[in-house]
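Novice: Just model.cif, nothing more (mmCIF, C-alpha atoms):
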```
data_final
loop_
_atom_site.group_PDB
_atom_site.id
_atom_site.type_symbol
_atom_site.label_atom_id
_atom_site.label_comp_id
_atom_site.auth_asym_id
_atom_site.auth_seq_id
_atom_site.Cartn_x
_atom_site.Cartn_y
_atom_site.Cartn_z
ATOM 1 C CA MET A 1 72.722 160.485 123.645
ATOM 2 C CA ILE A 2 72.285 157.814 126.317
ATOM 3 C CA ALA A 3 75.482 156.976 128.165
ATOM 4 C CA LEU A 4 75.644 154.050 130.579
ATOM 5 C CA GLY A 5 78.056 154.116 133.501
ATOM 6 C CA LEU A 6 79.142 150.970 135.332
ATOM 7 C CA ASP A 7 81.169 150.650 138.513
ATOM 8 C CA ILE A 8 82.514 147.088 138.636
ATOM 9 C CA GLY A 9 84.146 146.206 141.927
ATOM 10 C CA ALA A 10 85.181 142.968 143.551
ATOM 11 C CA SER A 11 81.824 142.544 145.298
ATOM 12 C CA HIS A 12 79.257 144.658 143.453
ATOM 13 C CA VAL A 13 78.321 146.092 140.074
ATOM 14 C CA ARG A 14 76.524 149.431 140.152
ATOM 15 C CA ALA A 15 75.027 151.307 137.229
ATOM 16 C CA ALA A 16 73.885 154.806 136.305
ATOM 17 C CA TRP A 17 72.826 156.448 133.060
ATOM 18 C CA ARG A 18 72.511 159.923 131.613
ATOM 19 C CA ASP A 19 70.953 161.477 128.538
ATOM 20 C CA GLY A 20 72.481 164.923 128.307
ATOM 21 C CA GLY A 21 71.701 165.804 131.936
ATOM 22 C CA ALA A 22 72.560 164.609 135.412
ATOM 23 C CA ALA A 23 73.373 160.930 135.870
ATOM 24 C CA VAL A 24 70.627 158.747 137.370
ATOM 25 C CA PRO A 25 71.399 155.579 139.397
ATOM 26 C CA LEU A 26 69.993 152.291 138.070
ATOM 27 C CA GLY A 27 70.776 149.762 140.795
ATOM 28 C CA THR A 28 73.210 147.319 142.380
ATOM 29 C CA TRP A 29 74.059 143.697 141.586
ATOM 30 C CA ARG A 30 76.573 141.157 142.889
ATOM 31 C CA THR A 31 79.733 140.963 140.768
ATOM 32 C CA PRO A 32 79.375 137.668 138.860
ATOM 33 C CA GLU A 33 81.958 135.198 137.658
ATOM 34 C CA PRO A 34 83.708 136.238 134.402
ATOM 35 C CA GLY A 35 81.558 134.013 132.217
ATOM 36 C CA GLU A 36 78.401 135.688 133.487
ATOM 37 C CA LEU A 37 79.466 139.324 133.246
ATOM 38 C CA THR A 38 78.402 139.836 129.619
ATOM 39 C CA ALA A 39 74.875 138.624 130.378
ATOM 40 C CA LEU A 40 74.609 140.960 133.379
ATOM 41 C CA VAL A 41 75.781 144.017 131.415
ATOM 42 C CA ARG A 42 73.369 143.117 128.601
ATOM 43 C CA ARG A 43 70.524 142.904 131.117
ATOM 44 C CA ILE A 44 71.410 146.278 132.614
ATOM 45 C CA ALA A 45 71.645 147.896 129.183
ATOM 46 C CA GLY A 46 68.343 146.328 128.154
ATOM 47 C CA ALA A 47 66.568 148.090 131.022
ATOM 48 C CA LEU A 48 67.068 151.457 129.289
ATOM 49 C CA ALA A 49 64.433 152.813 126.952
ATOM 50 C CA ALA A 50 66.817 153.617 124.085
ATOM 51 C CA PRO A 51 70.058 152.220 122.627
ATOM 52 C CA ILE A 52 73.277 153.129 124.409
ATOM 53 C CA ALA A 53 75.627 155.422 122.501
ATOM 54 C CA ARG A 54 78.579 155.222 124.894
ATOM 55 C CA LEU A 55 79.648 153.108 127.855
ATOM 56 C CA GLY A 56 81.874 154.279 130.682
ATOM 57 C CA VAL A 57 83.266 151.777 133.181
ATOM 58 C CA GLY A 58 85.032 152.219 136.486
ATOM 59 C CA LEU A 59 86.892 148.931 137.030
ATOM 60 C CA ALA A 60 88.672 147.731 140.163
ATOM 61 C CA GLY A 61 91.108 145.681 138.051
ATOM 62 C CA ALA A 62 93.753 146.782 135.534
ATOM 63 C CA LEU A 63 93.621 146.281 131.760
ATOM 64 C CA ASP A 64 96.371 145.519 129.280
ATOM 65 C CA ALA A 65 96.705 147.200 125.878
ATOM 66 C CA ALA A 66 94.259 144.721 124.325
ATOM 67 C CA GLY A 67 91.525 145.448 126.872
ATOM 68 C CA ALA A 68 91.944 142.219 128.842
ATOM 69 C CA ILE A 69 92.199 142.224 132.632
ATOM 70 C CA CYS A 70 95.846 141.761 133.564
ATOM 71 C CA GLU A 71 95.728 142.412 137.319
ATOM 72 C CA TRP A 72 92.983 142.156 139.937
ATOM 73 C CA PRO A 73 94.216 140.835 143.313
ATOM 74 C CA ASN A 74 90.708 140.656 144.791
ATOM 75 C CA ARG A 75 89.239 138.737 141.802
ATOM 76 C CA PRO A 76 92.143 136.745 140.294
ATOM 77 C CA GLU A 77 89.742 134.585 138.281
ATOM 78 C CA TYR A 78 89.168 137.602 136.021
ATOM 79 C CA VAL A 79 92.814 137.821 134.893
ATOM 80 C CA GLY A 80 92.935 137.184 131.133
ATOM 81 C CA PHE A 81 89.252 138.022 130.635
ATOM 82 C CA ALA A 82 88.642 140.099 127.457
ATOM 83 C CA PHE A 83 86.842 142.811 129.391
ATOM 84 C CA THR A 84 86.486 145.669 126.893
ATOM 85 C CA ALA A 85 85.324 143.371 124.111
ATOM 86 C CA ALA A 86 82.776 141.701 126.400
ATOM 87 C CA CYS A 87 81.321 145.038 127.511
ATOM 88 C CA ALA A 88 81.163 146.329 123.933
ATOM 89 C CA GLU A 89 79.361 143.173 122.804
ATOM 90 C CA ALA A 90 76.876 143.364 125.670
ATOM 91 C CA CYS A 91 75.907 146.935 124.739
ATOM 92 C CA SER A 92 76.116 146.453 120.937
ATOM 93 C CA LEU A 93 78.896 149.044 120.713
ATOM 94 C CA ALA A 94 82.188 149.374 118.887
ATOM 95 C CA ALA A 95 85.152 148.996 121.227
ATOM 96 C CA ASP A 96 86.091 152.677 120.806
ATOM 97 C CA ARG A 97 82.745 153.617 122.375
ATOM 98 C CA VAL A 98 83.764 151.932 125.642
ATOM 99 C CA ALA A 99 85.876 154.035 128.022
ATOM 100 C CA VAL A 100 87.392 152.192 131.013
ATOM 101 C CA ILE A 101 89.110 153.846 133.982
ATOM 102 C CA ASP A 102 89.951 152.833 137.529
ATOM 103 C CA ASP A 103 86.857 152.549 139.725
ATOM 104 C CA CYS A 104 88.166 155.025 142.283
ATOM 105 C CA ALA A 105 89.074 157.479 139.521
ATOM 106 C CA ALA A 106 85.454 157.293 138.384
ATOM 107 C CA ALA A 107 84.238 157.898 141.940
ATOM 108 C CA ALA A 108 86.647 160.813 142.308
ATOM 109 C CA LEU A 109 85.191 162.377 139.163
ATOM 110 C CA GLY A 110 81.628 161.912 140.363
ATOM 111 C CA GLU A 111 82.290 163.283 143.844
ATOM 112 C CA HIS A 112 84.320 166.233 142.587
ATOM 113 C CA HIS A 113 81.636 167.433 140.205
ATOM 114 C CA ALA A 114 78.873 166.780 142.725
ATOM 115 C CA ARG A 115 80.536 169.467 144.819
ATOM 116 C CA GLY A 116 80.696 171.972 141.944
ATOM 117 C CA ARG A 117 84.378 172.692 142.520
ATOM 118 C CA ALA A 118 85.565 174.054 139.192
ATOM 119 C CA GLY A 119 89.337 174.080 138.957
ATOM 120 C CA ALA A 120 89.717 172.662 142.456
ATOM 121 C CA SER A 121 91.315 169.386 143.574
ATOM 122 C CA THR A 122 89.696 166.389 145.256
ATOM 123 C CA LEU A 123 91.367 163.245 146.593
ATOM 124 C CA TYR A 124 88.893 160.360 146.820
ATOM 125 C CA VAL A 125 89.625 157.258 148.927
ATOM 126 C CA GLY A 126 87.352 154.239 148.511
ATOM 127 C CA VAL A 127 87.329 151.687 151.340
ATOM 128 C CA GLY A 128 85.381 148.585 150.382
ATOM 129 C CA THR A 129 86.429 145.016 149.611
ATOM 130 C CA GLY A 130 89.746 146.617 148.666
ATOM 131 C CA ILE A 131 91.145 150.122 149.076
ATOM 132 C CA GLY A 132 91.800 152.508 146.221
ATOM 133 C CA ALA A 133 92.020 156.201 145.484
ATOM 134 C CA GLY A 134 91.531 158.668 142.672
ATOM 135 C CA ALA A 135 92.140 162.369 142.264
ATOM 136 C CA VAL A 136 90.894 165.357 140.324
ATOM 137 C CA LEU A 137 93.729 167.899 140.230
ATOM 138 C CA GLY A 138 93.017 171.440 139.113
ATOM 139 C CA GLY A 139 89.671 170.341 137.725
ATOM 140 C CA ARG A 140 91.114 167.482 135.660
ATOM 141 C CA LEU A 141 90.979 163.774 136.448
ATOM 142 C CA HIS A 142 94.502 162.403 136.870
ATOM 143 C CA LEU A 143 94.874 158.831 135.591
ATOM 144 C CA GLY A 144 98.620 158.275 135.315
ATOM 145 C CA ALA A 145 100.691 156.933 132.420
ATOM 146 C CA ARG A 146 99.139 153.449 132.639
ATOM 147 C CA ARG A 147 95.832 154.636 134.112
ATOM 148 C CA ARG A 148 96.760 153.145 137.481
ATOM 149 C CA ALA A 149 97.508 156.279 139.506
ATOM 150 C CA PHE A 150 96.800 156.401 143.245
ATOM 151 C CA GLY A 151 97.049 152.715 144.098
ATOM 152 C CA LEU A 152 96.788 153.661 147.756
ATOM 153 C CA GLY A 153 95.720 150.216 148.965
ATOM 154 C CA HIS A 154 99.041 148.632 148.074
ATOM 155 C CA LEU A 155 101.373 151.292 149.390
ATOM 156 C CA PRO A 156 103.494 150.063 152.324
ATOM 157 C CA LEU A 157 102.303 151.224 155.736
ATOM 158 C CA ARG A 158 104.651 151.319 158.717
ATOM 159 C CA SER A 159 102.002 150.207 161.198
ATOM 160 C CA ALA A 160 101.028 147.246 158.953
ATOM 161 C CA GLY A 161 104.366 145.618 159.645
ATOM 162 C CA ASP A 162 104.807 142.275 157.891
ATOM 163 C CA VAL A 163 101.119 141.411 157.404
ATOM 164 C CA ALA A 164 100.577 139.509 154.137
ATOM 165 C CA CYS A 165 98.405 141.107 151.446
ATOM 166 C CA ARG A 166 96.423 139.387 148.690
ATOM 167 C CA CYS A 167 98.610 141.155 146.103
ATOM 168 C CA GLY A 168 101.557 138.993 147.231
ATOM 169 C CA ARG A 169 103.436 141.724 149.062
ATOM 170 C CA ARG A 170 103.501 142.486 152.777
ATOM 171 C CA GLY A 171 102.658 145.518 154.857
ATOM 172 C CA CYS A 172 100.105 147.051 152.486
ATOM 173 C CA LEU A 173 97.356 149.337 153.785
ATOM 174 C CA GLN A 174 94.761 146.996 152.265
ATOM 175 C CA ALA A 175 96.100 144.114 154.353
ATOM 176 C CA VAL A 176 94.985 145.818 157.576
ATOM 177 C CA ALA A 177 92.125 148.200 156.730
ATOM 178 C CA SER A 178 90.011 146.873 153.835
ATOM 179 C CA GLY A 179 86.423 145.755 154.226
ATOM 180 C CA ARG A 180 87.428 142.176 153.430
ATOM 181 C CA VAL A 181 90.048 142.128 156.189
ATOM 182 C CA LEU A 182 87.688 143.715 158.709
ATOM 183 C CA ALA A 183 85.008 141.141 157.907
ATOM 184 C CA GLU A 184 87.507 138.281 158.314
ATOM 185 C CA ARG A 185 88.619 139.628 161.689
ATOM 186 C CA ALA A 186 85.036 140.078 162.816
ATOM 187 C CA ARG A 187 84.111 136.494 161.877
ATOM 188 C CA ALA A 188 87.193 135.208 163.699
ATOM 189 C CA GLU A 189 85.848 136.918 166.831
ATOM 190 C CA GLY A 190 82.459 135.278 166.411
ATOM 191 C CA TRP A 191 80.723 138.142 164.627
ATOM 192 C CA THR A 192 77.369 137.069 163.182
ATOM 193 C CA GLY A 193 75.923 140.503 162.397
ATOM 194 C CA GLY A 194 75.469 142.275 159.079
ATOM 195 C CA LEU A 195 77.675 144.977 157.586
ATOM 196 C CA LEU A 196 80.333 146.286 159.944
ATOM 197 C CA GLY A 197 80.041 149.873 158.766
ATOM 198 C CA GLN A 198 76.333 149.997 159.473
ATOM 199 C CA ALA A 199 76.808 148.231 162.810
ATOM 200 C CA ALA A 200 79.489 150.704 163.885
ATOM 201 C CA ALA A 201 77.207 153.601 162.936
ATOM 202 C CA THR A 202 74.550 152.271 165.304
ATOM 203 C CA GLY A 203 77.016 151.845 168.178
ATOM 204 C CA ASP A 204 77.937 148.145 168.143
ATOM 205 C CA SER A 205 81.055 147.986 170.324
ATOM 206 C CA ARG A 206 82.924 145.227 168.476
ATOM 207 C CA ALA A 207 82.278 146.832 165.107
ATOM 208 C CA ARG A 208 83.400 150.209 166.459
ATOM 209 C CA VAL A 209 86.754 148.812 167.634
ATOM 210 C CA LEU A 210 87.490 147.279 164.223
ATOM 211 C CA ILE A 211 86.412 150.405 162.354
ATOM 212 C CA THR A 212 88.487 152.643 164.647
ATOM 213 C CA ASP A 213 91.618 150.543 164.090
ATOM 214 C CA ALA A 214 91.073 150.724 160.315
ATOM 215 C CA ALA A 215 90.458 154.481 160.490
ATOM 216 C CA ARG A 216 93.780 155.062 162.231
ATOM 217 C CA SER A 217 95.599 153.141 159.493
ATOM 218 C CA LEU A 218 93.740 155.081 156.815
ATOM 219 C CA GLY A 219 94.691 158.400 158.382
ATOM 220 C CA GLU A 220 98.338 157.370 158.442
ATOM 221 C CA ALA A 221 98.203 156.294 154.784
ATOM 222 C CA ILE A 222 96.323 159.359 153.507
ATOM 223 C CA ALA A 223 98.722 161.821 155.166
ATOM 224 C CA GLY A 224 101.395 161.249 152.504
ATOM 225 C CA PRO A 225 99.257 161.824 149.381
ATOM 226 C CA ALA A 226 97.550 164.762 151.120
ATOM 227 C CA ALA A 227 100.919 166.395 151.762
ATOM 228 C CA LEU A 228 102.041 165.836 148.154
ATOM 229 C CA LEU A 229 98.823 166.949 146.439
ATOM 230 C CA ASP A 230 97.458 169.562 148.870
ATOM 231 C CA PRO A 231 93.843 168.893 147.735
ATOM 232 C CA ASP A 232 90.895 171.093 148.644
ATOM 233 C CA CYS A 233 89.376 168.069 150.371
ATOM 234 C CA VAL A 234 89.659 164.328 150.909
ATOM 235 C CA VAL A 235 86.454 162.359 150.282
ATOM 236 C CA ILE A 236 85.976 158.965 151.940
ATOM 237 C CA GLY A 237 83.643 156.511 150.207
ATOM 238 C CA GLY A 238 83.043 152.779 149.846
ATOM 239 C CA GLY A 239 81.136 150.336 152.012
ATOM 240 C CA VAL A 240 83.214 150.909 155.145
ATOM 241 C CA ALA A 241 82.272 154.613 154.984
ATOM 242 C CA GLU A 242 78.755 153.590 156.020
ATOM 243 C CA ALA A 243 80.164 153.784 159.547
ATOM 244 C CA GLY A 244 79.873 157.559 159.119
ATOM 245 C CA ASP A 245 81.331 159.595 161.985
ATOM 246 C CA ARG A 246 82.476 156.379 163.704
ATOM 247 C CA LEU A 247 85.011 156.108 160.868
ATOM 248 C CA LEU A 248 85.522 159.794 160.128
ATOM 249 C CA GLU A 249 86.406 161.011 163.625
ATOM 250 C CA PRO A 250 89.315 158.608 164.347
ATOM 251 C CA LEU A 251 90.482 158.917 160.716
ATOM 252 C CA VAL A 252 90.713 162.711 160.960
ATOM 253 C CA ALA A 253 92.417 162.457 164.350
ATOM 254 C CA SER A 254 95.021 160.098 162.861
ATOM 255 C CA LEU A 255 95.493 162.356 159.841
ATOM 256 C CA ARG A 256 96.123 165.327 162.134
ATOM 257 C CA ARG A 257 98.649 163.322 164.169
ATOM 258 C CA HIS A 258 100.510 162.657 160.948
ATOM 259 C CA GLY A 259 100.711 166.341 160.088
ATOM 260 C CA SER A 260 97.841 167.004 157.662
ATOM 261 C CA ASP A 261 95.069 169.554 158.162
ATOM 262 C CA VAL A 262 93.236 168.856 154.886
ATOM 263 C CA PRO A 263 89.407 168.861 155.217
ATOM 264 C CA VAL A 264 87.852 165.370 155.124
ATOM 265 C CA GLU A 265 84.279 164.577 154.067
ATOM 266 C CA LEU A 266 82.141 161.496 153.532
ATOM 267 C CA ALA A 267 81.036 160.713 149.977
ATOM 268 C CA ARG A 268 77.856 162.509 148.915
ATOM 269 C CA LEU A 269 76.820 160.139 146.141
ATOM 270 C CA GLY A 270 76.560 157.050 148.286
ATOM 271 C CA ALA A 271 77.408 153.729 146.680
ATOM 272 C CA HIS A 272 76.705 155.030 143.167
ATOM 273 C CA GLY A 273 79.493 157.626 142.989
ATOM 274 C CA GLY A 274 81.659 155.452 140.746
ATOM 275 C CA ALA A 275 78.817 154.605 138.369
ATOM 276 C CA ILE A 276 77.818 158.275 138.139
ATOM 277 C CA GLY A 277 81.402 159.308 137.444
ATOM 278 C CA ALA A 278 81.681 156.567 134.807
ATOM 279 C CA ALA A 279 78.510 157.793 133.099
ATOM 280 C CA TRP A 280 80.140 161.211 132.726
ATOM 281 C CA TRP A 281 83.462 159.702 131.672
ATOM 282 C CA ALA A 282 81.679 157.812 128.884
ATOM 283 C CA ASP A 283 81.838 161.083 126.946
ATOM 284 C CA PRO A 284 84.656 163.168 128.471
ATOM 285 C CA SER A 285 84.084 166.038 126.040
ATOM 286 C CA SER A 286 80.657 166.624 127.609
ATOM 287 C CA ILE A 287 81.920 166.947 131.200
ATOM 288 C CA GLN A 288 81.059 170.376 132.563
ATOM 289 C CA GLU A 289 82.280 172.149 135.648
ATOM 290 C CA ASN A 290 79.914 173.374 138.333
ATOM 291 C CA LEU A 291 77.417 170.559 138.067
ATOM 292 C CA PRO A 292 74.624 170.798 140.651
ATOM 293 C CA THR A 293 75.049 168.866 143.873
ATOM 294 C CA CYS A 294 73.340 165.468 143.713
ATOM 295 C CA PRO A 295 71.316 163.948 146.557
ATOM 296 C CA ARG A 296 73.481 162.028 149.034
ATOM 297 C CA ASN A 297 71.467 158.823 149.184
ATOM 298 C CA TYR A 298 70.003 156.761 146.374
ATOM 299 C CA PRO A 299 67.572 153.855 146.515
ATOM 300 C CA SER A 300 69.136 150.441 145.972
ATOM 301 C CA THR A 301 67.964 147.689 143.690
ATOM 302 C CA PRO A 302 67.746 144.261 145.364
ATOM 303 C CA GLU A 303 70.829 142.207 144.613
#
```
Go ahead and express the file in the form of structure tokens.
Specialist:
Amino acid sequence: MIALGLDIGASHVRAAWRDGGAAVPLGTWRTPEPGELTALVRRIAGALAAPIARLGVGLAGALDAAGAICEWPNRPEYVGFAFTAACAEACSLAADRVAVIDDCAAAALGEHHARGRAGASTLYVGVGTGIGAGAVLGGRLHLGARRRAFGLGHLPLRSAGDVACRCGRRGCLQAVASGRVLAERARAEGWTGGLLGQAAATGDSRARVLITDAARSLGEAIAGPAALLDPDCVVIGGGVAEAGDRLLEPLVASLRRHGSDVPVELARLGAHGGAIGAAWWADPSSIQENLPTCPRNYPSTPE
């Protein structure tokens, strides 16, 4: 049975597939406008050698009961889009063969099983265009009553003060520490380089200052969920995590200052963690504990 997994975020679409074994990354594409999404998913599905039996999707937006996007602060043009139906059509599937969860929940599932932690708990925090989180608790993915659990990016943060957020509220973590905000600040200071996370990893001083400030906010925000859940580890993923230790060290220091001693790790599955988790979620009954650890880095497909 071929299962396709998609991770659809505000900036990128990533894909992976599996046929009874480990999930294999397919590539990365820019997230298109709503009217072009069906064609992109059809093209991705058409690259596989056999028909798709199930589709799993990690989505950065929220769906209503009819499968239409009802909330997506970072891509408001998608609100009202009949998402589940479009994905089913693109893959020639019935709607009940499409399983959609939050993108960070999908990444949490992928990262948890990559570590082979049967029965353990993992809190995943994704820091990209936006900020989200997902958790596997006692070996089971926790989604919440409306499948919107762990909306970390829009929790109020004391140090964020009255800063406006794209969701319409003020003082959210995402308003001060997301990749979008960091990029806007960098451009305002005359930044003309590439990705901030990569630049910080190589020692660029301006990038390091921005990443350090974001890391301190992240540590403050993660301390609460870590205290409530007491996970075996916190995993940090997303594009900003490309800063590596330049992000991890000040984040852990901030977390310790706020009273948490939970272990913190960088994501092992690279950018494809959400797509890999979605490929497994496509058929939840087939998910097994103690999956082998996957390689940390995957080759990318040109966007």
Novice: Restricting the calculation to all atoms listed in the file: of A:Leu143, A:Val100, A:Cys91, A:Ala186, which residue gets closest to Gly56 in chain A?
Specialist: A:Val100
Novice: Can you tell me, as a list in words, what residues are no more than 8 Å from range 43-51 of chain A when counting all atoms listed in the file, ignoring any on the same chain fewer than 6 positions away?
Specialist: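 These residues fall inside the cut-off: Ile2, Leu4, Ala15, Ala90 and Cys91 of chain A.
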Novice: Starting from the displayed file, determine the output of the PyMOL selection byres ((chain A and resi 177) around 9) and express the residue list as a ChimeraX atom specification.
Specialist: /A:127,130-131,153,173-176,178-182,210-211,213-218
Novice: Taking all atoms listed in the file into account, name the residue in A:Ala39, A:Val262, A:Val209, A:Val13 that is nearest to Val235 in chain A.
Specialist: A:Val262
Novice: What does the distance from CA of Pro263 in chain A to CA of Gly126 in chain A come to in Å, to one decimal?
Specialist: 16.2 Å
Novice: Find the spatial neighbours of Leu26 in chain A, counting only C-alpha atoms, within a cut-off of 8 Å - ignore same-chain residues fewer than 6 positions away - and output them as a ChimeraX atom specification.
Specialist: /A:14-17,301
Novice: With distances taken over all atoms listed in the file, which of A:Ser11, A:Glu184, A:Arg147, A:Gly197 is nearest to Asp64 in chain A?
Specialist: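 Using all atoms listed in the file, Asp64 in chain A sits closest to A:Arg147.
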Novice: Hey, what comes out of the PyMOL selection byres ((chain A and resi 272) around 8) on this file? Could you write it as a list in words?
Specialist: Asp7, Arg14, Ala15, Ala16, Pro25, Leu269, Gly270, Ala271, Gly273, Gly274, Ala275, Ile276 and Tyr298 of chain A
Novice: Quick one, how far is CA of Cys233 in chain A from CA of Ala278 in chain A?
Specialist: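 Going from CA of Cys233 in chain A over to CA of Ala278 in chain A covers 20.8 Å.
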Novice: So the first atom is CA of Cys172 in chain A and the second is CA of His154 in chain A; what is the distance between them in Å, to one decimal place?
Specialist: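 Distance between the two atoms: 4.8 Å.
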Novice: Given the PyMOL selection byres ((chain A and resi 93-96) around 9) and the file above, list the residues it selects as a compact mmCIF listing (two decimals) with C-alpha atoms, in the coordinates of the input.
Specialist:
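See expr-v3.txt below for the written result:
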```txt
# COMPACT_ATOMS: atom_id res chain seq x y z
CA ILE A 52 73.28 153.13 124.41
CA ALA A 53 75.63 155.42 122.50
CA ARG A 54 78.58 155.22 124.89
CA LEU A 55 79.65 153.11 127.86
CA THR A 84 86.49 145.67 126.89
CA ALA A 85 85.32 143.37 124.11
CA CYS A 87 81.32 145.04 127.51
CA ALA A 88 81.16 146.33 123.93
CA GLU A 89 79.36 143.17 122.80
CA ALA A 90 76.88 143.36 125.67
CA CYS A 91 75.91 146.94 124.74
CA SER A 92 76.12 146.45 120.94
CA ARG A 97 82.74 153.62 122.38
CA VAL A 98 83.76 151.93 125.64
CA ALA A 99 85.88 154.04 128.02
```
Novice: Restrict the output to range 39-61 of chain A and C-alpha atoms, then write it as a PDB file, in the first residue's frame.
Specialist:
```
ATOM      1  CA  ALA A  39      -2.220  20.787  -9.530  1.00  0.00           C
ATOM      2  CA  LEU A  40       0.853  20.636  -7.278  1.00  0.00           C
ATOM      3  CA  VAL A  41      -0.484  17.700  -5.237  1.00  0.00           C
ATOM      4  CA  ARG A  42      -1.431  15.903  -8.466  1.00  0.00           C
ATOM      5  CA  ARG A  43       2.101  16.422  -9.782  1.00  0.00           C
ATOM      6  CA  ILE A  44       3.639  15.083  -6.580  1.00  0.00           C
ATOM      7  CA  ALA A  45       1.352  12.047  -6.585  1.00  0.00           C
ATOM      8  CA  GLY A  46       2.098  11.418 -10.254  1.00  0.00           C
ATOM      9  CA  ALA A  47       5.806  11.062  -9.479  1.00  0.00           C
ATOM     10  CA  LEU A  48       5.129   7.777  -7.652  1.00  0.00           C
ATOM     11  CA  ALA A  49       5.298   4.491  -9.501  1.00  0.00           C
ATOM     12  CA  ALA A  50       1.938   3.168  -8.273  1.00  0.00           C
ATOM     13  CA  PRO A  51      -1.473   4.583  -7.300  1.00  0.00           C
ATOM     14  CA  ILE A  52      -1.782   6.092  -3.837  1.00  0.00           C
ATOM     15  CA  ALA A  53      -3.987   4.188  -1.400  1.00  0.00           C
ATOM     16  CA  ARG A  54      -3.981   6.763   1.402  1.00  0.00           C
ATOM     17  CA  LEU A  55      -2.959  10.384   1.878  1.00  0.00           C
ATOM     18  CA  GLY A  56      -1.818  11.917   5.144  1.00  0.00           C
ATOM     19  CA  VAL A  57      -1.444  15.686   5.458  1.00  0.00           C
ATOM     20  CA  GLY A  58       0.131  17.858   8.111  1.00  0.00           C
ATOM     21  CA  LEU A  59      -1.468  21.289   7.619  1.00  0.00           C
ATOM     22  CA  ALA A  60      -0.485  24.589   9.221  1.00  0.00           C
ATOM     23  CA  GLY A  61      -4.094  25.826   9.000  1.00  0.00           C
TER      24      GLY A  61
END
```
